[in-house]
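Here is the structure we will look at.
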Amino acid sequence: MKYVFLVSLVALMLGSCTQENENASGLPVFGVKLPITKEVNGKTVVDSLEHTIPPFSFVDQDSAIVTEKTVEGKVYLADFFFTSCFTICPKVKKNMKKAYKAFKGRSDFAILSHSIDTRHDTVGRLAWYANKFDISSDTWHLLTGDKEAIYKIAYDYYVTALESADAPGGFDHSGAVVLVDKKRRIRGMYDGTDPERMKQLVKDTQLLLDTE
Amino acid sequence: MAFSCGNSREKTYNEGAMLYEKHCENCHMSDGTGLEALYPPLAGADMLQSVGVGAACIIKNGLQGKIMVNGVEFETGMAPVVGLSSVEITNILNYIHNAWGNRREFIKLNEVEASLKACE
């Protein structure tokens with residue numbers, strides 16, 4: 001049933017006309033388009049809606065409220081982590097730091113790292129981490145807030161984040177880094193533990209900044 | 001004699017490298033550089049150099065509180081790495097003390113065992 005639904009959506013996607021010059025970078029747009037019906041010249045037509053990251057509101061290491069407005073007109077990276085994570089997180093952070101260094105001077109670039117351990121990762125704890133990690137909230141926001149809202153938005157970024165007693169540290173999550181464009185569409189997914197993929201991320205980010 | 005000795009050192013180093021990848025690399029990184037002021041380096045680290053064989057105790061008991069490594073203060077804390085035999089710890093020590101440009105005399109099992117006894 002689910003498959004039939006997906007297949008018809010994909011068919012719809014292919015059938016609908018694409019706005020070509022909007023993807024000047026040539027990078028793919030991730031996600032299944034959702035059909036919407038609307039009136040055009042008095043006739044009902046089926047169009048499609050692209051997957052975008054919905055509005056959100058979290059708080060960062062400097063107690064600032066970070067919403068979709070914070071990343072308006074910006075290309076940004078998103079990931080999920082927690083400060084006491086001793087599995088893949090330090091590696092992912094090390095690789096992300098390279099992207100941070102490459103683009104931190106730009107006002108049209110940002111990074112949002114969401115903590116999935118909202119109970120321990122208070123604003124104070126995130127501030128400590130940001131200081132030790134030597135990053136500035138001008139570009140890189142370490143986010144905490146309502147736990148449900150964070151797990152929900154992970155789903156919108158197509159990233160796995162689960163609380164699990166079986167996982168090391170109590171959380172099961174992927175090391176994916178997501179590249180989001182100025183329209184809050186997902187344009188790339190990268191394994192944050194893989195230095196080669198993270199080099200590609202820097203290239204793709206540059207391409208997006210240059211062309212779209 | 002010199003030959004077999006050389007081979008066993010190489011074997012120890014290689015086994016240490018595999019154990020390092022499994023038990024240490026997440027935090028101290030494959031190139032031993034650590035992560036900023038959160039996870040200390042082992043490559044060219046003055047603290048590792050000065051603790052020498054005593055690093056066995058850091059592996060076994062972990063390390064808490066503020067420490068200085070190459071002039072940078074760390075306080076993240078390291079949990080004990082459990083389930084390693086003294087042979088495995090010896091292999092890891094011979095690896096970290098000779099990888100990434102580090103150099104140290106070959107560490108023998110009985111030295112590690114004595115060190116581990118002292119920090120029980």
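Ordering of the structure tokens sets the chain letters (A, B, ...), residue numbers begin anew at 1 in every chain, and ligands are numbered from 1 in the order given.
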Legend entry - All residues 9 Å or closer to Val202 of chain A, only C-alpha atoms, same chain fewer than 4 positions away omitted, as number ranges by chain: A: 98-99, 102-103, 197-198, 206-207
Legend entry - Proximal residues of chain A relative to chain B (only C-alpha atoms; 9 Å) as a PyMOL selection string: chain A and resi 84+86-91+93-94+129+131-134
Pull the helix (DSSP H, G or I) assignments for segment 36-168 of chain A out of DSSP run on the backbone, and list those residues as a PDB file with N, CA and C atoms, in the first residue's frame.
ATOM      1  N   CYS A  89      30.615  11.017  17.250  1.00  0.00           N
ATOM      2  CA  CYS A  89      30.472  12.481  17.257  1.00  0.00           C
ATOM      3  C   CYS A  89      31.775  13.267  17.154  1.00  0.00           C
ATOM      4  N   PRO A  90      32.814  12.905  17.950  1.00  0.00           N
ATOM      5  CA  PRO A  90      34.032  13.737  17.848  1.00  0.00           C
ATOM      6  C   PRO A  90      34.607  13.760  16.428  1.00  0.00           C
ATOM      7  N   LYS A  91      34.530  12.624  15.726  1.00  0.00           N
ATOM      8  CA  LYS A  91      35.030  12.583  14.340  1.00  0.00           C
ATOM      9  C   LYS A  91      34.206  13.469  13.422  1.00  0.00           C
ATOM     10  N   VAL A  92      32.892  13.380  13.591  1.00  0.00           N
ATOM     11  CA  VAL A  92      32.006  14.201  12.756  1.00  0.00           C
ATOM     12  C   VAL A  92      32.303  15.682  13.008  1.00  0.00           C
ATOM     13  N   LYS A  93      32.482  16.016  14.283  1.00  0.00           N
ATOM     14  CA  LYS A  93      32.737  17.420  14.621  1.00  0.00           C
ATOM     15  C   LYS A  93      34.079  17.866  14.040  1.00  0.00           C
ATOM     16  N   LYS A  94      35.057  16.980  14.081  1.00  0.00           N
ATOM     17  CA  LYS A  94      36.373  17.332  13.529  1.00  0.00           C
ATOM     18  C   LYS A  94      36.258  17.636  12.032  1.00  0.00           C
ATOM     19  N   ASN A  95      35.503  16.809  11.320  1.00  0.00           N
ATOM     20  CA  ASN A  95      35.331  17.029   9.884  1.00  0.00           C
ATOM     21  C   ASN A  95      34.483  18.265   9.590  1.00  0.00           C
ATOM     22  N   MET A  96      33.474  18.504  10.426  1.00  0.00           N
ATOM     23  CA  MET A  96      32.625  19.683  10.217  1.00  0.00           C
ATOM     24  C   MET A  96      33.395  20.972  10.455  1.00  0.00           C
ATOM     25  N   LYS A  97      34.373  20.883  11.344  1.00  0.00           N
ATOM     26  CA  LYS A  97      35.167  22.074  11.660  1.00  0.00           C
ATOM     27  C   LYS A  97      35.875  22.596  10.413  1.00  0.00           C
ATOM     28  N   LYS A  98      36.223  21.697   9.510  1.00  0.00           N
ATOM     29  CA  LYS A  98      36.894  22.113   8.262  1.00  0.00           C
ATOM     30  C   LYS A  98      35.943  22.946   7.408  1.00  0.00           C
ATOM     31  N   ALA A  99      34.682  22.513   7.336  1.00  0.00           N
ATOM     32  CA  ALA A  99      33.686  23.286   6.582  1.00  0.00           C
ATOM     33  C   ALA A  99      33.464  24.637   7.259  1.00  0.00           C
ATOM     34  N   TYR A 100      33.425  24.612   8.578  1.00  0.00           N
ATOM     35  CA  TYR A 100      33.256  25.856   9.349  1.00  0.00           C
ATOM     36  C   TYR A 100      34.376  26.835   9.019  1.00  0.00           C
ATOM     37  N   LYS A 101      35.598  26.332   9.025  1.00  0.00           N
ATOM     38  CA  LYS A 101      36.750  27.203   8.747  1.00  0.00           C
ATOM     39  C   LYS A 101      36.686  27.777   7.333  1.00  0.00           C
ATOM     40  N   ALA A 102      36.186  26.960   6.400  1.00  0.00           N
ATOM     41  CA  ALA A 102      36.137  27.405   5.005  1.00  0.00           C
ATOM     42  C   ALA A 102      35.127  28.528   4.784  1.00  0.00           C
ATOM     43  N   PHE A 103      34.018  28.532   5.543  1.00  0.00           N
ATOM     44  CA  PHE A 103      32.921  29.458   5.233  1.00  0.00           C
ATOM     45  C   PHE A 103      32.536  30.402   6.364  1.00  0.00           C
ATOM     46  N   VAL A 123      21.959  24.996  27.963  1.00  0.00           N
ATOM     47  CA  VAL A 123      22.647  26.120  27.323  1.00  0.00           C
ATOM     48  C   VAL A 123      24.064  26.263  27.896  1.00  0.00           C
ATOM     49  N   GLY A 124      24.182  26.105  29.208  1.00  0.00           N
ATOM     50  CA  GLY A 124      25.490  26.225  29.854  1.00  0.00           C
ATOM     51  C   GLY A 124      26.475  25.177  29.354  1.00  0.00           C
ATOM     52  N   ARG A 125      26.015  23.962  29.224  1.00  0.00           N
ATOM     53  CA  ARG A 125      26.858  22.866  28.745  1.00  0.00           C
ATOM     54  C   ARG A 125      27.265  23.125  27.273  1.00  0.00           C
ATOM     55  N   LEU A 126      26.337  23.605  26.466  1.00  0.00           N
ATOM     56  CA  LEU A 126      26.640  23.893  25.062  1.00  0.00           C
ATOM     57  C   LEU A 126      27.635  25.045  24.951  1.00  0.00           C
ATOM     58  N   ALA A 127      27.508  26.019  25.867  1.00  0.00           N
ATOM     59  CA  ALA A 127      28.436  27.164  25.864  1.00  0.00           C
ATOM     60  C   ALA A 127      29.848  26.675  26.196  1.00  0.00           C
ATOM     61  N   TRP A 128      29.943  25.761  27.163  1.00  0.00           N
ATOM     62  CA  TRP A 128      31.239  25.173  27.526  1.00  0.00           C
ATOM     63  C   TRP A 128      31.835  24.457  26.318  1.00  0.00           C
ATOM     64  N   TYR A 129      31.011  23.663  25.656  1.00  0.00           N
ATOM     65  CA  TYR A 129      31.475  22.883  24.506  1.00  0.00           C
ATOM     66  C   TYR A 129      31.937  23.810  23.379  1.00  0.00           C
ATOM     67  N   ALA A 130      31.140  24.834  23.099  1.00  0.00           N
ATOM     68  CA  ALA A 130      31.467  25.779  22.006  1.00  0.00           C
ATOM     69  C   ALA A 130      32.799  26.463  22.285  1.00  0.00           C
ATOM     70  N   ASN A 131      33.015  26.800  23.557  1.00  0.00           N
ATOM     71  CA  ASN A 131      34.261  27.452  23.955  1.00  0.00           C
ATOM     72  C   ASN A 131      35.447  26.512  23.775  1.00  0.00           C
ATOM     73  N   LYS A 132      35.298  25.278  24.245  1.00  0.00           N
ATOM     74  CA  LYS A 132      36.375  24.294  24.125  1.00  0.00           C
ATOM     75  C   LYS A 132      36.611  23.911  22.663  1.00  0.00           C
ATOM     76  N   PHE A 133      35.551  23.954  21.881  1.00  0.00           N
ATOM     77  CA  PHE A 133      35.633  23.562  20.469  1.00  0.00           C
ATOM     78  C   PHE A 133      36.078  24.757  19.606  1.00  0.00           C
ATOM     79  N   LYS A 147      12.562  18.429  23.454  1.00  0.00           N
ATOM     80  CA  LYS A 147      13.060  17.148  22.955  1.00  0.00           C
ATOM     81  C   LYS A 147      12.232  16.624  21.778  1.00  0.00           C
ATOM     82  N   GLU A 148      10.931  16.638  21.935  1.00  0.00           N
ATOM     83  CA  GLU A 148      10.063  16.126  20.871  1.00  0.00           C
ATOM     84  C   GLU A 148      10.284  16.900  19.581  1.00  0.00           C
ATOM     85  N   ALA A 149      10.417  18.215  19.715  1.00  0.00           N
ATOM     86  CA  ALA A 149      10.586  19.063  18.528  1.00  0.00           C
ATOM     87  C   ALA A 149      11.893  18.725  17.812  1.00  0.00           C
ATOM     88  N   ILE A 150      12.932  18.418  18.583  1.00  0.00           N
ATOM     89  CA  ILE A 150      14.222  18.070  17.971  1.00  0.00           C
ATOM     90  C   ILE A 150      14.138  16.718  17.256  1.00  0.00           C
ATOM     91  N   TYR A 151      13.507  15.749  17.905  1.00  0.00           N
ATOM     92  CA  TYR A 151      13.378  14.442  17.243  1.00  0.00           C
ATOM     93  C   TYR A 151      12.499  14.535  16.005  1.00  0.00           C
ATOM     94  N   LYS A 152      11.516  15.409  16.064  1.00  0.00           N
ATOM     95  CA  LYS A 152      10.610  15.578  14.929  1.00  0.00           C
ATOM     96  C   LYS A 152      11.349  16.216  13.747  1.00  0.00           C
ATOM     97  N   ILE A 153      12.172  17.210  14.052  1.00  0.00           N
ATOM     98  CA  ILE A 153      12.849  17.888  12.944  1.00  0.00           C
ATOM     99  C   ILE A 153      13.943  16.996  12.354  1.00  0.00           C
ATOM    100  N   ALA A 154      14.500  16.097  13.157  1.00  0.00           N
ATOM    101  CA  ALA A 154      15.482  15.139  12.615  1.00  0.00           C
ATOM    102  C   ALA A 154      14.833  14.342  11.482  1.00  0.00           C
ATOM    103  N   TYR A 155      13.596  14.002  11.694  1.00  0.00           N
ATOM    104  CA  TYR A 155      12.820  13.266  10.698  1.00  0.00           C
ATOM    105  C   TYR A 155      12.688  14.092   9.413  1.00  0.00           C
ATOM    106  N   ASP A 156      12.466  15.387   9.564  1.00  0.00           N
ATOM    107  CA  ASP A 156      12.352  16.261   8.392  1.00  0.00           C
ATOM    108  C   ASP A 156      13.677  16.408   7.647  1.00  0.00           C
ATOM    109  N   PRO A 168      25.229   2.917  22.652  1.00  0.00           N
ATOM    110  CA  PRO A 168      26.245   3.509  23.535  1.00  0.00           C
ATOM    111  C   PRO A 168      25.904   4.954  23.846  1.00  0.00           C
TER     112      PRO A 168
END
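When the distance limit is 12 Å and only C-alpha atoms are what count, the residues near Thr70 of chain A, minus those fewer than 3 positions from it on the same chain, are Pro55, Phe56, Ser57, Phe58, Val59, Asp60, Ala64, Ile65, Val66, Thr67, Gly73, Lys74, Val75, Tyr76, Ser107, Asp108, Phe109, Ala110, Ile111, Leu112, Ser137, Asp138, Thr139, Trp140, His141, Lys182 and Arg184 of chain A.
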Inset, instruction - Pick out the residues sitting within 8 Å of Glu50 of chain A, and hand them over as a count of residues only; count only C-alpha atoms, and ignore anything fewer than 2 positions along from it in its own chain. - result: 7
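Atom CA of Ala56 of chain B lies 10.6 Å from atom CA of Pro80 of chain B.
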Inset, instruction - Would you kindly return, as JSON, numbers by chain, each protein, DNA or RNA residue with an atom no farther than 9 Å from any atom of Met47 of chain B, considering only C-alpha atoms and excluding same-chain residues fewer than 2 positions away? - result: {"B": [42, 44, 45, 49, 50, 51, 52, 67, 68, 69, 70]}
Any chance you can output those residues with N, CA and C atoms as a PDB file, in the first residue's frame?
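Listing of result.pdb after writing:
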ATOM      1  N   LEU B  42      47.497  12.684  21.189  1.00  0.00           N
ATOM      2  CA  LEU B  42      48.510  11.726  21.639  1.00  0.00           C
ATOM      3  C   LEU B  42      49.766  11.902  20.776  1.00  0.00           C
ATOM      4  N   GLY B  44      52.756  13.696  19.502  1.00  0.00           N
ATOM      5  CA  GLY B  44      53.583  14.793  20.003  1.00  0.00           C
ATOM      6  C   GLY B  44      53.098  15.379  21.318  1.00  0.00           C
ATOM      7  N   ALA B  45      52.398  14.563  22.122  1.00  0.00           N
ATOM      8  CA  ALA B  45      51.823  15.068  23.370  1.00  0.00           C
ATOM      9  C   ALA B  45      52.843  14.983  24.509  1.00  0.00           C
ATOM     10  N   GLN B  49      54.256  11.573  26.637  1.00  0.00           N
ATOM     11  CA  GLN B  49      55.705  11.412  26.728  1.00  0.00           C
ATOM     12  C   GLN B  49      56.149  11.250  28.183  1.00  0.00           C
ATOM     13  N   SER B  50      55.583  12.112  29.059  1.00  0.00           N
ATOM     14  CA  SER B  50      56.061  12.079  30.446  1.00  0.00           C
ATOM     15  C   SER B  50      55.455  10.942  31.260  1.00  0.00           C
ATOM     16  N   VAL B  51      54.227  10.506  30.935  1.00  0.00           N
ATOM     17  CA  VAL B  51      53.677   9.383  31.714  1.00  0.00           C
ATOM     18  C   VAL B  51      54.283   8.042  31.275  1.00  0.00           C
ATOM     19  N   GLY B  52      54.728   7.963  30.030  1.00  0.00           N
ATOM     20  CA  GLY B  52      55.378   6.744  29.552  1.00  0.00           C
ATOM     21  C   GLY B  52      54.525   5.502  29.725  1.00  0.00           C
ATOM     22  N   ILE B  67      43.658  18.651  33.113  1.00  0.00           N
ATOM     23  CA  ILE B  67      45.040  18.312  32.768  1.00  0.00           C
ATOM     24  C   ILE B  67      45.539  19.300  31.714  1.00  0.00           C
ATOM     25  N   MET B  68      46.867  19.434  31.600  1.00  0.00           N
ATOM     26  CA  MET B  68      47.445  20.275  30.557  1.00  0.00           C
ATOM     27  C   MET B  68      48.182  19.386  29.573  1.00  0.00           C
ATOM     28  N   VAL B  69      47.871  19.530  28.301  1.00  0.00           N
ATOM     29  CA  VAL B  69      48.620  18.820  27.260  1.00  0.00           C
ATOM     30  C   VAL B  69      49.092  19.858  26.244  1.00  0.00           C
ATOM     31  N   ASN B  70      50.381  19.940  26.070  1.00  0.00           N
ATOM     32  CA  ASN B  70      50.979  20.923  25.152  1.00  0.00           C
ATOM     33  C   ASN B  70      50.417  22.335  25.364  1.00  0.00           C
TER      34      ASN B  70
END
